[in-house]
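Student: Pasting input11.cif below, which is mmCIF, C-alpha atoms and all ligand atoms; chains and numbers go by the auth columns.
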```cif
data_upload
#
loop_
_atom_site.group_PDB
_atom_site.id
_atom_site.type_symbol
_atom_site.label_atom_id
_atom_site.label_comp_id
_atom_site.label_asym_id
_atom_site.label_seq_id
_atom_site.Cartn_x
_atom_site.Cartn_y
_atom_site.Cartn_z
_atom_site.B_iso_or_equiv
_atom_site.auth_seq_id
_atom_site.auth_asym_id
ATOM 1 C CA MET A 1 -1.192 5.986 12.575 0.00 10 C
ATOM 2 C CA LEU A 2 1.393 4.901 10.011 0.00 11 C
ATOM 3 C CA LYS A 3 1.087 1.192 9.278 0.00 12 C
ATOM 4 C CA ILE A 4 3.142 -1.184 7.181 0.00 13 C
ATOM 5 C CA VAL A 5 2.885 -4.878 6.290 0.00 14 C
ATOM 6 C CA TYR A 6 5.969 -7.109 6.316 0.00 15 C
ATOM 7 C CA PRO A 7 4.990 -10.283 4.414 0.00 16 C
ATOM 8 C CA GLY A 8 6.979 -13.477 4.153 0.00 17 C
ATOM 9 C CA THR A 9 7.096 -17.182 4.794 0.00 18 C
ATOM 10 C CA PHE A 10 9.014 -16.974 8.095 0.00 19 C
ATOM 11 C CA ASP A 11 9.899 -20.670 8.158 0.00 20 C
ATOM 12 C CA PRO A 12 11.153 -19.804 10.738 0.00 21 C
ATOM 13 C CA ILE A 13 11.720 -16.166 11.687 0.00 22 C
ATOM 14 C CA THR A 14 15.445 -15.334 11.976 0.00 23 C
ATOM 15 C CA TYR A 15 17.511 -12.483 13.394 0.00 24 C
ATOM 16 C CA GLY A 16 17.685 -11.264 9.783 0.00 25 C
ATOM 17 C CA HIS A 17 13.904 -10.744 9.725 0.00 26 C
ATOM 18 C CA ILE A 18 13.987 -9.214 13.211 0.00 27 C
ATOM 19 C CA ASP A 19 16.626 -6.729 12.026 0.00 28 C
ATOM 20 C CA ILE A 20 14.270 -5.586 9.232 0.00 29 C
ATOM 21 C CA ILE A 21 11.299 -5.434 11.623 0.00 30 C
ATOM 22 C CA GLU A 22 13.216 -3.301 14.141 0.00 31 C
ATOM 23 C CA ARG A 23 14.277 -0.904 11.390 0.00 32 C
ATOM 24 C CA GLY A 24 10.677 -0.765 10.142 0.00 33 C
ATOM 25 C CA LEU A 25 9.428 0.083 13.625 0.00 34 C
ATOM 26 C CA ARG A 26 11.679 3.154 13.647 0.00 35 C
ATOM 27 C CA MET A 27 9.631 4.595 10.786 0.00 36 C
ATOM 28 C CA PHE A 28 6.136 3.192 11.285 0.00 37 C
ATOM 29 C CA ASP A 29 3.812 3.148 14.286 0.00 38 C
ATOM 30 C CA GLN A 30 2.428 -0.295 13.618 0.00 39 C
ATOM 31 C CA LEU A 31 3.888 -3.229 11.724 0.00 40 C
ATOM 32 C CA ILE A 32 1.890 -6.250 10.627 0.00 41 C
ATOM 33 C CA VAL A 33 3.852 -9.429 10.070 0.00 42 C
ATOM 34 C CA ALA A 34 1.790 -11.249 7.435 0.00 43 C
ATOM 35 C CA ILE A 35 2.686 -14.925 7.185 0.00 44 C
ATOM 36 C CA ASN A 36 2.017 -16.683 3.908 0.00 45 C
ATOM 37 C CA ALA A 37 -0.094 -19.696 4.888 0.00 46 C
ATOM 38 C CA ASN A 38 0.467 -21.601 1.644 0.00 47 C
ATOM 39 C CA PRO A 39 3.805 -20.715 0.099 0.00 48 C
ATOM 40 C CA GLY A 40 4.712 -22.580 -3.046 0.00 49 C
ATOM 41 C CA LYS A 41 7.686 -24.185 -1.328 0.00 50 C
ATOM 42 C CA GLN A 42 8.135 -27.005 1.114 0.00 51 C
ATOM 43 C CA ILE A 43 7.725 -25.832 4.668 0.00 52 C
ATOM 44 C CA PHE A 44 9.202 -27.035 7.909 0.00 53 C
ATOM 45 C CA PHE A 45 6.781 -25.394 10.365 0.00 54 C
ATOM 46 C CA SER A 46 2.993 -25.276 9.965 0.00 55 C
ATOM 47 C CA VAL A 47 1.432 -21.851 9.613 0.00 56 C
ATOM 48 C CA GLU A 48 0.191 -21.995 13.226 0.00 57 C
ATOM 49 C CA GLU A 49 3.713 -22.795 14.427 0.00 58 C
ATOM 50 C CA ARG A 50 5.207 -19.995 12.304 0.00 59 C
ATOM 51 C CA VAL A 51 2.724 -17.465 13.686 0.00 60 C
ATOM 52 C CA ASP A 52 3.393 -18.633 17.234 0.00 61 C
ATOM 53 C CA LEU A 53 7.188 -18.414 16.821 0.00 62 C
ATOM 54 C CA VAL A 54 7.024 -14.916 15.317 0.00 63 C
ATOM 55 C CA LYS A 55 4.813 -13.780 18.222 0.00 64 C
ATOM 56 C CA LYS A 56 7.193 -15.249 20.762 0.00 65 C
ATOM 57 C CA ALA A 57 10.297 -13.854 19.056 0.00 66 C
ATOM 58 C CA LEU A 58 8.761 -10.356 18.918 0.00 67 C
ATOM 59 C CA LYS A 59 7.148 -10.396 22.364 0.00 68 C
ATOM 60 C CA LYS A 60 8.848 -7.197 23.455 0.00 69 C
ATOM 61 C CA TYR A 61 7.240 -5.249 20.596 0.00 70 C
ATOM 62 C CA LYS A 62 3.762 -6.711 21.091 0.00 71 C
ATOM 63 C CA GLU A 63 2.050 -3.312 21.502 0.00 72 C
ATOM 64 C CA ARG A 64 3.141 -2.267 18.004 0.00 73 C
ATOM 65 C CA ILE A 65 3.120 -5.551 16.121 0.00 74 C
ATOM 66 C CA ILE A 66 0.327 -7.743 14.797 0.00 75 C
ATOM 67 C CA VAL A 67 1.155 -11.230 13.559 0.00 76 C
ATOM 68 C CA GLU A 68 -1.317 -13.065 11.362 0.00 77 C
ATOM 69 C CA PRO A 69 -1.466 -15.526 8.479 0.00 78 C
ATOM 70 C CA PHE A 70 -2.737 -14.664 5.019 0.00 79 C
ATOM 71 C CA LYS A 71 -3.867 -16.756 2.080 0.00 80 C
ATOM 72 C CA GLY A 72 -3.824 -15.867 -1.600 0.00 81 C
ATOM 73 C CA LEU A 73 -2.458 -12.665 -3.072 0.00 82 C
ATOM 74 C CA ILE A 74 -0.693 -10.252 -0.760 0.00 83 C
ATOM 75 C CA VAL A 75 -2.361 -7.296 -2.504 0.00 84 C
ATOM 76 C CA ASN A 76 -5.811 -8.692 -1.623 0.00 85 C
ATOM 77 C CA TYR A 77 -4.768 -9.067 1.971 0.00 86 C
ATOM 78 C CA MET A 78 -3.462 -5.482 1.988 0.00 87 C
ATOM 79 C CA THR A 79 -6.729 -4.178 0.538 0.00 88 C
ATOM 80 C CA LYS A 80 -8.725 -6.066 3.159 0.00 89 C
ATOM 81 C CA ARG A 81 -6.513 -4.612 5.894 0.00 90 C
ATOM 82 C CA ASN A 82 -6.677 -1.165 4.295 0.00 91 C
ATOM 83 C CA ILE A 83 -2.888 -0.729 4.315 0.00 92 C
ATOM 84 C CA ASN A 84 -0.949 0.156 1.184 0.00 93 C
ATOM 85 C CA ILE A 85 2.729 -0.142 2.109 0.00 94 C
ATOM 86 C CA ILE A 86 4.721 -3.366 1.934 0.00 95 C
ATOM 87 C CA LEU A 87 8.059 -3.682 3.693 0.00 96 C
ATOM 88 C CA ARG A 88 10.759 -5.930 2.298 0.00 97 C
ATOM 89 C CA GLY A 89 14.399 -6.404 3.231 0.00 98 C
ATOM 90 C CA ILE A 90 17.269 -6.467 0.771 0.00 99 C
ATOM 91 C CA ARG A 91 20.340 -8.443 1.737 0.00 100 C
ATOM 92 C CA THR A 92 22.250 -8.744 -1.512 0.00 101 C
ATOM 93 C CA THR A 93 22.044 -7.557 -5.117 0.00 102 C
ATOM 94 C CA SER A 94 20.434 -10.862 -6.077 0.00 103 C
ATOM 95 C CA ASP A 95 17.625 -10.162 -3.577 0.00 104 C
ATOM 96 C CA TYR A 96 17.095 -6.884 -5.363 0.00 105 C
ATOM 97 C CA GLU A 97 16.166 -8.460 -8.699 0.00 106 C
ATOM 98 C CA TYR A 98 13.588 -10.745 -7.118 0.00 107 C
ATOM 99 C CA GLU A 99 12.204 -7.960 -4.926 0.00 108 C
ATOM 100 C CA PHE A 100 12.058 -5.489 -7.798 0.00 109 C
ATOM 101 C CA GLN A 101 10.013 -7.933 -9.867 0.00 110 C
ATOM 102 C CA MET A 102 7.695 -8.647 -6.957 0.00 111 C
ATOM 103 C CA ALA A 103 7.172 -4.937 -6.218 0.00 112 C
ATOM 104 C CA LEU A 104 6.329 -4.215 -9.858 0.00 113 C
ATOM 105 C CA THR A 105 3.942 -7.175 -10.012 0.00 114 C
ATOM 106 C CA ASN A 106 2.159 -6.089 -6.853 0.00 115 C
ATOM 107 C CA ARG A 107 1.844 -2.537 -8.143 0.00 116 C
ATOM 108 C CA HIS A 108 0.487 -3.880 -11.411 0.00 117 C
ATOM 109 C CA LEU A 109 -2.092 -5.928 -9.508 0.00 118 C
ATOM 110 C CA CYS A 110 -3.077 -3.022 -7.281 0.00 119 C
ATOM 111 C CA LYS A 111 -1.946 0.464 -8.231 0.00 120 C
ATOM 112 C CA ASN A 112 -2.144 1.869 -4.682 0.00 121 C
ATOM 113 C CA ILE A 113 0.397 -0.542 -3.279 0.00 122 C
ATOM 114 C CA GLU A 114 3.904 0.778 -2.652 0.00 123 C
ATOM 115 C CA THR A 115 6.885 -1.313 -1.556 0.00 124 C
ATOM 116 C CA ILE A 116 9.569 0.066 0.726 0.00 125 C
ATOM 117 C CA PHE A 117 12.944 -1.669 0.860 0.00 126 C
ATOM 118 C CA ILE A 118 15.211 -1.653 3.854 0.00 127 C
ATOM 119 C CA VAL A 119 18.827 -2.678 3.436 0.00 128 C
ATOM 120 C CA ALA A 120 19.589 -5.488 5.866 0.00 129 C
ATOM 121 C CA SER A 121 22.376 -5.185 8.372 0.00 130 C
ATOM 122 C CA GLU A 122 25.569 -6.664 6.895 0.00 131 C
ATOM 123 C CA GLU A 123 25.838 -9.119 9.814 0.00 132 C
ATOM 124 C CA TYR A 124 22.744 -10.913 8.512 0.00 133 C
ATOM 125 C CA GLU A 125 23.496 -10.687 4.813 0.00 134 C
ATOM 126 C CA PHE A 126 24.038 -14.431 4.502 0.00 135 C
ATOM 127 C CA VAL A 127 21.294 -15.623 6.832 0.00 136 C
ATOM 128 C CA SER A 128 18.403 -17.572 5.336 0.00 137 C
ATOM 129 C CA SER A 129 15.782 -19.868 6.827 0.00 138 C
ATOM 130 C CA SER A 130 16.803 -22.903 4.766 0.00 139 C
ATOM 131 C CA LEU A 131 20.472 -22.461 5.597 0.00 140 C
ATOM 132 C CA LEU A 132 19.824 -22.464 9.303 0.00 141 C
ATOM 133 C CA LYS A 133 17.580 -25.535 9.072 0.00 142 C
ATOM 134 C CA GLU A 134 20.428 -27.347 7.336 0.00 143 C
ATOM 135 C CA ILE A 135 22.820 -26.259 10.082 0.00 144 C
ATOM 136 C CA ALA A 136 20.352 -27.522 12.697 0.00 145 C
ATOM 137 C CA LEU A 137 19.954 -30.881 10.939 0.00 146 C
ATOM 138 C CA LEU A 138 23.714 -31.309 10.923 0.00 147 C
ATOM 139 C CA GLY A 139 24.015 -30.414 14.585 0.00 148 C
ATOM 140 C CA GLY A 140 25.483 -26.926 14.200 0.00 149 C
ATOM 141 C CA ASP A 141 25.085 -23.963 16.526 0.00 150 C
ATOM 142 C CA LEU A 142 22.062 -21.746 15.843 0.00 151 C
ATOM 143 C CA LYS A 143 22.673 -18.990 18.406 0.00 152 C
ATOM 144 C CA TYR A 144 23.807 -16.482 15.814 0.00 153 C
ATOM 145 C CA PHE A 145 20.782 -17.032 13.556 0.00 154 C
ATOM 146 C CA VAL A 146 17.639 -17.297 15.676 0.00 155 C
ATOM 147 C CA PRO A 147 16.299 -16.445 19.153 0.00 156 C
ATOM 148 C CA ARG A 148 16.386 -19.230 21.740 0.00 157 C
ATOM 149 C CA VAL A 149 12.657 -19.934 21.466 0.00 158 C
ATOM 150 C CA VAL A 150 13.014 -20.588 17.721 0.00 159 C
ATOM 151 C CA GLU A 151 16.130 -22.691 18.211 0.00 160 C
ATOM 152 C CA ASN A 152 14.285 -24.877 20.737 0.00 161 C
ATOM 153 C CA ALA A 153 11.357 -25.326 18.348 0.00 162 C
ATOM 154 C CA ILE A 154 13.674 -26.369 15.493 0.00 163 C
ATOM 155 C CA ARG A 155 15.510 -28.881 17.677 0.00 164 C
ATOM 156 C CA LYS A 156 12.236 -30.311 19.002 0.00 165 C
ATOM 157 C CA LYS A 157 10.899 -30.766 15.491 0.00 166 C
ATOM 158 C CA ILE A 158 14.072 -32.440 14.251 0.00 167 C
ATOM 159 C CA LYS A 159 14.097 -34.775 17.252 0.00 168 C
ATOM 160 C CA ALA A 160 10.463 -35.752 16.647 0.00 169 C
ATOM 161 C CA ALA A 161 11.164 -36.406 12.967 0.00 170 C
ATOM 162 C CA LYS A 162 14.202 -38.560 13.834 0.00 171 C
ATOM 163 C CA LEU A 163 12.144 -40.572 16.337 0.00 172 C
ATOM 164 C CA ARG A 164 9.531 -41.187 13.652 0.00 173 C
ATOM 165 C CA LEU A 165 12.235 -42.451 11.277 0.00 174 C
ATOM 166 C CA ASP A 166 13.796 -44.798 13.887 0.00 175 C
HETATM 167 N N1 LIG B . 17.085 -11.856 6.772 0.00 201 C
HETATM 168 C C1 LIG B . 17.235 -13.167 6.694 0.00 201 C
HETATM 169 N N2 LIG B . 16.641 -13.929 5.800 0.00 201 C
HETATM 170 C C2 LIG B . 15.831 -13.324 4.956 0.00 201 C
HETATM 171 C C3 LIG B . 15.592 -11.953 4.969 0.00 201 C
HETATM 172 C C4 LIG B . 16.274 -11.205 5.938 0.00 201 C
HETATM 173 N N3 LIG B . 16.147 -9.903 6.028 0.00 201 C
HETATM 174 N N4 LIG B . 14.769 -11.652 3.990 0.00 201 C
HETATM 175 C C5 LIG B . 14.475 -12.794 3.367 0.00 201 C
HETATM 176 N N5 LIG B . 15.127 -13.806 3.957 0.00 201 C
HETATM 177 C C6 LIG B . 15.146 -15.199 3.528 0.00 201 C
HETATM 178 C C7 LIG B . 14.104 -16.043 4.155 0.00 201 C
HETATM 179 O O1 LIG B . 14.601 -16.640 5.309 0.00 201 C
HETATM 180 C C8 LIG B . 13.834 -17.050 3.052 0.00 201 C
HETATM 181 O O2 LIG B . 14.819 -18.025 3.078 0.00 201 C
HETATM 182 P P1 LIG B . 14.609 -19.474 2.445 0.00 201 C
HETATM 183 O O3 LIG B . 14.279 -19.277 0.992 0.00 201 C
HETATM 184 O O4 LIG B . 15.907 -20.099 2.684 0.00 201 C
HETATM 185 O O5 LIG B . 13.493 -20.115 3.197 0.00 201 C
HETATM 186 C C9 LIG B . 14.021 -16.234 1.770 0.00 201 C
HETATM 187 O O6 LIG B . 14.872 -15.182 2.138 0.00 201 C
HETATM 188 C C10 LIG B . 12.790 -15.620 1.205 0.00 201 C
HETATM 189 O O7 LIG B . 11.875 -15.436 2.242 0.00 201 C
HETATM 190 P P2 LIG B . 10.736 -14.389 2.427 0.00 201 C
HETATM 191 O O8 LIG B . 11.251 -13.030 2.649 0.00 201 C
HETATM 192 O O9 LIG B . 9.857 -14.947 3.467 0.00 201 C
HETATM 193 O O10 LIG B . 10.061 -14.324 1.043 0.00 201 C
HETATM 194 P P3 LIG B . 9.292 -15.404 0.287 0.00 201 C
HETATM 195 O O11 LIG B . 9.834 -15.372 -1.090 0.00 201 C
HETATM 196 O O12 LIG B . 9.259 -16.701 0.982 0.00 201 C
HETATM 197 O O13 LIG B . 7.809 -14.840 0.345 0.00 201 C
HETATM 198 C C11 LIG B . 6.027 -13.271 -0.157 0.00 201 C
HETATM 199 C C12 LIG B . 7.494 -13.629 -0.240 0.00 201 C
HETATM 200 C C13 LIG B . 5.268 -14.057 0.888 0.00 201 C
HETATM 201 C C14 LIG B . 5.981 -11.824 0.193 0.00 201 C
HETATM 202 C C15 LIG B . 5.423 -13.496 -1.559 0.00 201 C
HETATM 203 O O14 LIG B . 5.722 -14.779 -2.014 0.00 201 C
HETATM 204 C C16 LIG B . 3.926 -13.298 -1.584 0.00 201 C
HETATM 205 O O15 LIG B . 3.461 -12.191 -1.429 0.00 201 C
HETATM 206 N N6 LIG B . 3.175 -14.387 -1.761 0.00 201 C
HETATM 207 C C17 LIG B . 1.702 -14.349 -1.797 0.00 201 C
HETATM 208 C C18 LIG B . 1.178 -14.629 -3.197 0.00 201 C
HETATM 209 C C19 LIG B . 1.313 -13.407 -4.063 0.00 201 C
HETATM 210 O O16 LIG B . 0.757 -12.361 -3.813 0.00 201 C
HETATM 211 N N7 LIG B . 2.096 -13.569 -5.148 0.00 201 C
HETATM 212 C C20 LIG B . 2.421 -12.477 -6.021 0.00 201 C
HETATM 213 C C21 LIG B . 3.513 -11.648 -5.407 0.00 201 C
HETATM 214 S S1 LIG B . 4.417 -10.835 -6.639 0.00 201 C
#
```
Show me this structure written as structure tokens.
Tutor:
Amino acid sequence: MLKIVYPGTFDPITYGHIDIIERGLRMFDQLIVAINANPGKQIFFSVEERVDLVKKALKKYKERIIVEPFKGLIVNYMTKRNINIILRGIRTTSDYEYEFQMALTNRHLCKNIETIFIVASEEYEFVSSSLLKEIALLGGDLKYFVPRVVENAIRKKIKAAKLRLD
């Protein structure tokens, strides 16, 4: 069985990530979405919420997808899971520089690890999790960016935060 790990922060999952996942599933039998529990950036959703949203957004692929959090180095997680291929998406040339550096670092840390890049669909080239959170905060339409279940979760969280501030 060919397996691949797609790691990321997924704060939250977007149609851009789903595009990469669907392309990955065309080549691999099983795909593990590994969610970084403690990214070094401010997060909107807790790790439990991020896992839950990814599971809900990918419900139709549930036989071939595992969603779980990881802590620490991705290469250690991969070794524990006994999988040696990382999947990453490239949207723009600036993504490439960051991804290239990350792939080399991971290979340096663990020589068996390979990274496969999939070029994102051009319709999602500009999509990013922080951009859509800003749109949500300012009352914009999220339909194009995220599945309904994710949109509802974002709106609920914003509403709760506003109530706390009032
Ligand atoms: N479509 C839409 N958006 C995408 C995307 C796609 N195909 N690919 C990436 N993005 C966006 C994300 O939404 C996110 O947006 P934001 O910055 O506005 O929130 C941004 O691009 C980057 O997200 P992501 O792909 O989740 O990467 P990341 O940089 O947050 O996390 C890890 C990358 C988790 C793989 C990496 O940090 C890691 O492995 N960390 C563990 C510690 C470790 O091993 N460090 C050494 C690694 S070299």
Student: Would you list the contacts of range 168-173 of chain C as a list in words, taking every protein, DNA or RNA residue within 12 Å and counting all atoms listed in the file, but skipping same-chain residues closer than 6 positions in sequence?
Tutor: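 Non-adjacent residues within range: Phe53, Ala145, Leu146, Gly148, Asn161 and Ala162 of chain C.
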Student: Centre and edge lengths, as lines of an AutoDock Vina configuration file, for the axis-aligned box enclosing every listed atom of range 119-130 of chain C with 3 Å of padding on each of the six sides, in Å to one decimal?
Tutor:
```
center_x = 9.6
center_y = -1.8
center_z = 0.1
size_x = 31.5
size_y = 13.4
size_z = 22.6
```
Student: Which residues come within 9 Å of Gly17 in chain C, counting only C-alpha atoms, excluding same-chain residues fewer than 2 positions away, as a list in words?
Tutor: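 Within the cut-off, the hits are Tyr15, Phe19, Asp20, Val42, Ala43, Ile44, Asn45, Pro48 and Arg97 of chain C.
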Student: If we count only C-alpha atoms and set the cut-off at 10 Å, which residues sit around Thr18 in chain C, ignoring sequence neighbours fewer than 3 positions away in its own chain? Please answer as a list in words.
Tutor: Pro21, Ile22, Val42, Ala43, Ile44, Asn45, Ala46, Asn47, Pro48, Gly49, Lys50, Ile52, Phe54, Val56, Arg59, Val60, Pro78 and Ser138 of chain C
Student: I want to know what sits within 7 Å of Arg100 in chain C, based on all atoms listed in the file, with residues of the same chain fewer than 6 positions away left out; could you give that as an MDAnalysis selection string?
Tutor: chainID C and resid 128:129 134
Student: Could you tell me which residues the PyMOL selection byres (((chain C and resi 159) around 9) and not hetatm) grabs in this file, written as a PDB file with C-alpha atoms, in the frame of the given file?
Tutor:
```pdb
ATOM      1  CA  PRO C  21      11.153 -19.804  10.738  1.00  0.00           C
ATOM      2  CA  ILE C  22      11.720 -16.166  11.687  1.00  0.00           C
ATOM      3  CA  THR C  23      15.445 -15.334  11.976  1.00  0.00           C
ATOM      4  CA  LEU C  62       7.188 -18.414  16.821  1.00  0.00           C
ATOM      5  CA  VAL C  63       7.024 -14.916  15.317  1.00  0.00           C
ATOM      6  CA  LYS C  65       7.193 -15.249  20.762  1.00  0.00           C
ATOM      7  CA  ALA C  66      10.297 -13.854  19.056  1.00  0.00           C
ATOM      8  CA  VAL C 155      17.639 -17.297  15.676  1.00  0.00           C
ATOM      9  CA  PRO C 156      16.299 -16.445  19.153  1.00  0.00           C
ATOM     10  CA  ARG C 157      16.386 -19.230  21.740  1.00  0.00           C
ATOM     11  CA  VAL C 158      12.657 -19.934  21.466  1.00  0.00           C
ATOM     12  CA  GLU C 160      16.130 -22.691  18.211  1.00  0.00           C
ATOM     13  CA  ASN C 161      14.285 -24.877  20.737  1.00  0.00           C
ATOM     14  CA  ALA C 162      11.357 -25.326  18.348  1.00  0.00           C
ATOM     15  CA  ILE C 163      13.674 -26.369  15.493  1.00  0.00           C
ATOM     16  CA  ARG C 164      15.510 -28.881  17.677  1.00  0.00           C
TER      17      ARG C 164
END
```
Student: From the set C:Phe126, C:Phe109, C:Tyr133, C:Tyr153, which residue has the shortest atom-to-atom contact distance to ligand LIG 201 (chain C), counting all atoms listed in the file?
Tutor: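 That would be C:Tyr133, the residue with the smallest distance to ligand LIG 201 (chain C).
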Student: Please determine the residues with any atom at most 8 Å from (5.2, 0.1, 2.8) (coordinates as given in the file, with only C-alpha atoms counting) and report them as JSON, numbers by chain.
Tutor: {"C": [12, 13, 14, 93, 94, 95, 96, 122, 123, 124, 125]}
Student: Just say which residues the PyMOL selection byres (((chain C and resi 120) around 12) and not hetatm) picks in this file, as a list in words.
Tutor: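 Evaluating the PyMOL selection byres (((chain C and resi 120) around 12) and not hetatm) on these coordinates yields Val84, Asn85, Met87, Thr88, Asn93, Ile94, Ala112, Leu113, Thr114, Asn115, Arg116, His117, Leu118, Cys119, Asn121, Ile122, Glu123 and Thr124 of chain C.
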Student: Counting all atoms listed in the file, which residue out of C:Leu147, C:Ile83, C:Ile127, C:Ile167 sits closest to ligand LIG 201 (chain C)?
Tutor: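 Using all atoms listed in the file, ligand LIG 201 (chain C) sits closest to C:Ile83.
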Student: Since I can't run it myself right now, could you work out what the PyMOL selection byres (((chain C and resi 38) around 12) and not hetatm) selects here and report it as JSON, numbers by chain?
Tutor: {"C": [10, 11, 12, 13, 14, 30, 31, 32, 33, 34, 35, 36, 37, 39, 40, 41, 70, 71, 72, 73, 74, 75]}
Student: Rank nothing, just name the residue among C:Leu67, C:Lys152, C:Leu141, C:Leu82 nearest to Met111 in chain C, using all atoms listed in the file.
Tutor: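 Closest residue, counting all atoms listed in the file: C:Leu82.
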Student: If I take atom O16 of ligand LIG 201 (chain C) and CA of Lys68 in chain C, how far is one from the other in Å, to one decimal?
Tutor: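 We find that atom O16 of ligand LIG 201 (chain C) and CA of Lys68 in chain C lie 27.0 Å from each other.
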Student: Record the distance separating atom N7 of ligand LIG 201 (chain C) and CA of Glu57 in chain C, expressed in Å with one decimal.
Tutor: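 We find that atom N7 of ligand LIG 201 (chain C) and CA of Glu57 in chain C lie 20.3 Å from each other.
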Student: To one decimal in Å, tell me the separation between CA of Ile27 in chain C and atom N3 of ligand LIG 201 (chain C).
Tutor: 7.5 Å
Student: For a quick check of understanding, using only C-alpha atoms and all ligand atoms, which of C:Ile29, C:Ile92, C:Ile144, C:Leu151 has the smallest distance to ligand LIG 201 (chain C)?
Tutor: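 Of C:Ile29, C:Ile92, C:Ile144, C:Leu151, the one nearest ligand LIG 201 (chain C) is C:Ile29, counting only C-alpha atoms and all ligand atoms.
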Student: Taking all atoms listed in the file into account, which of C:Val136, C:Lys89, C:Lys142, C:Val76 comes nearest ligand LIG 201 (chain C)?
Tutor: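 Nearest to ligand LIG 201 (chain C): C:Val136.
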Student: Calculated over all atoms listed in the file, which of the candidates C:Gly149, C:Glu131, C:Lys69, C:Glu58 has the smallest distance to ligand LIG 201 (chain C)?
Tutor: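 Smallest separation from ligand LIG 201 (chain C) among the options: C:Glu131.
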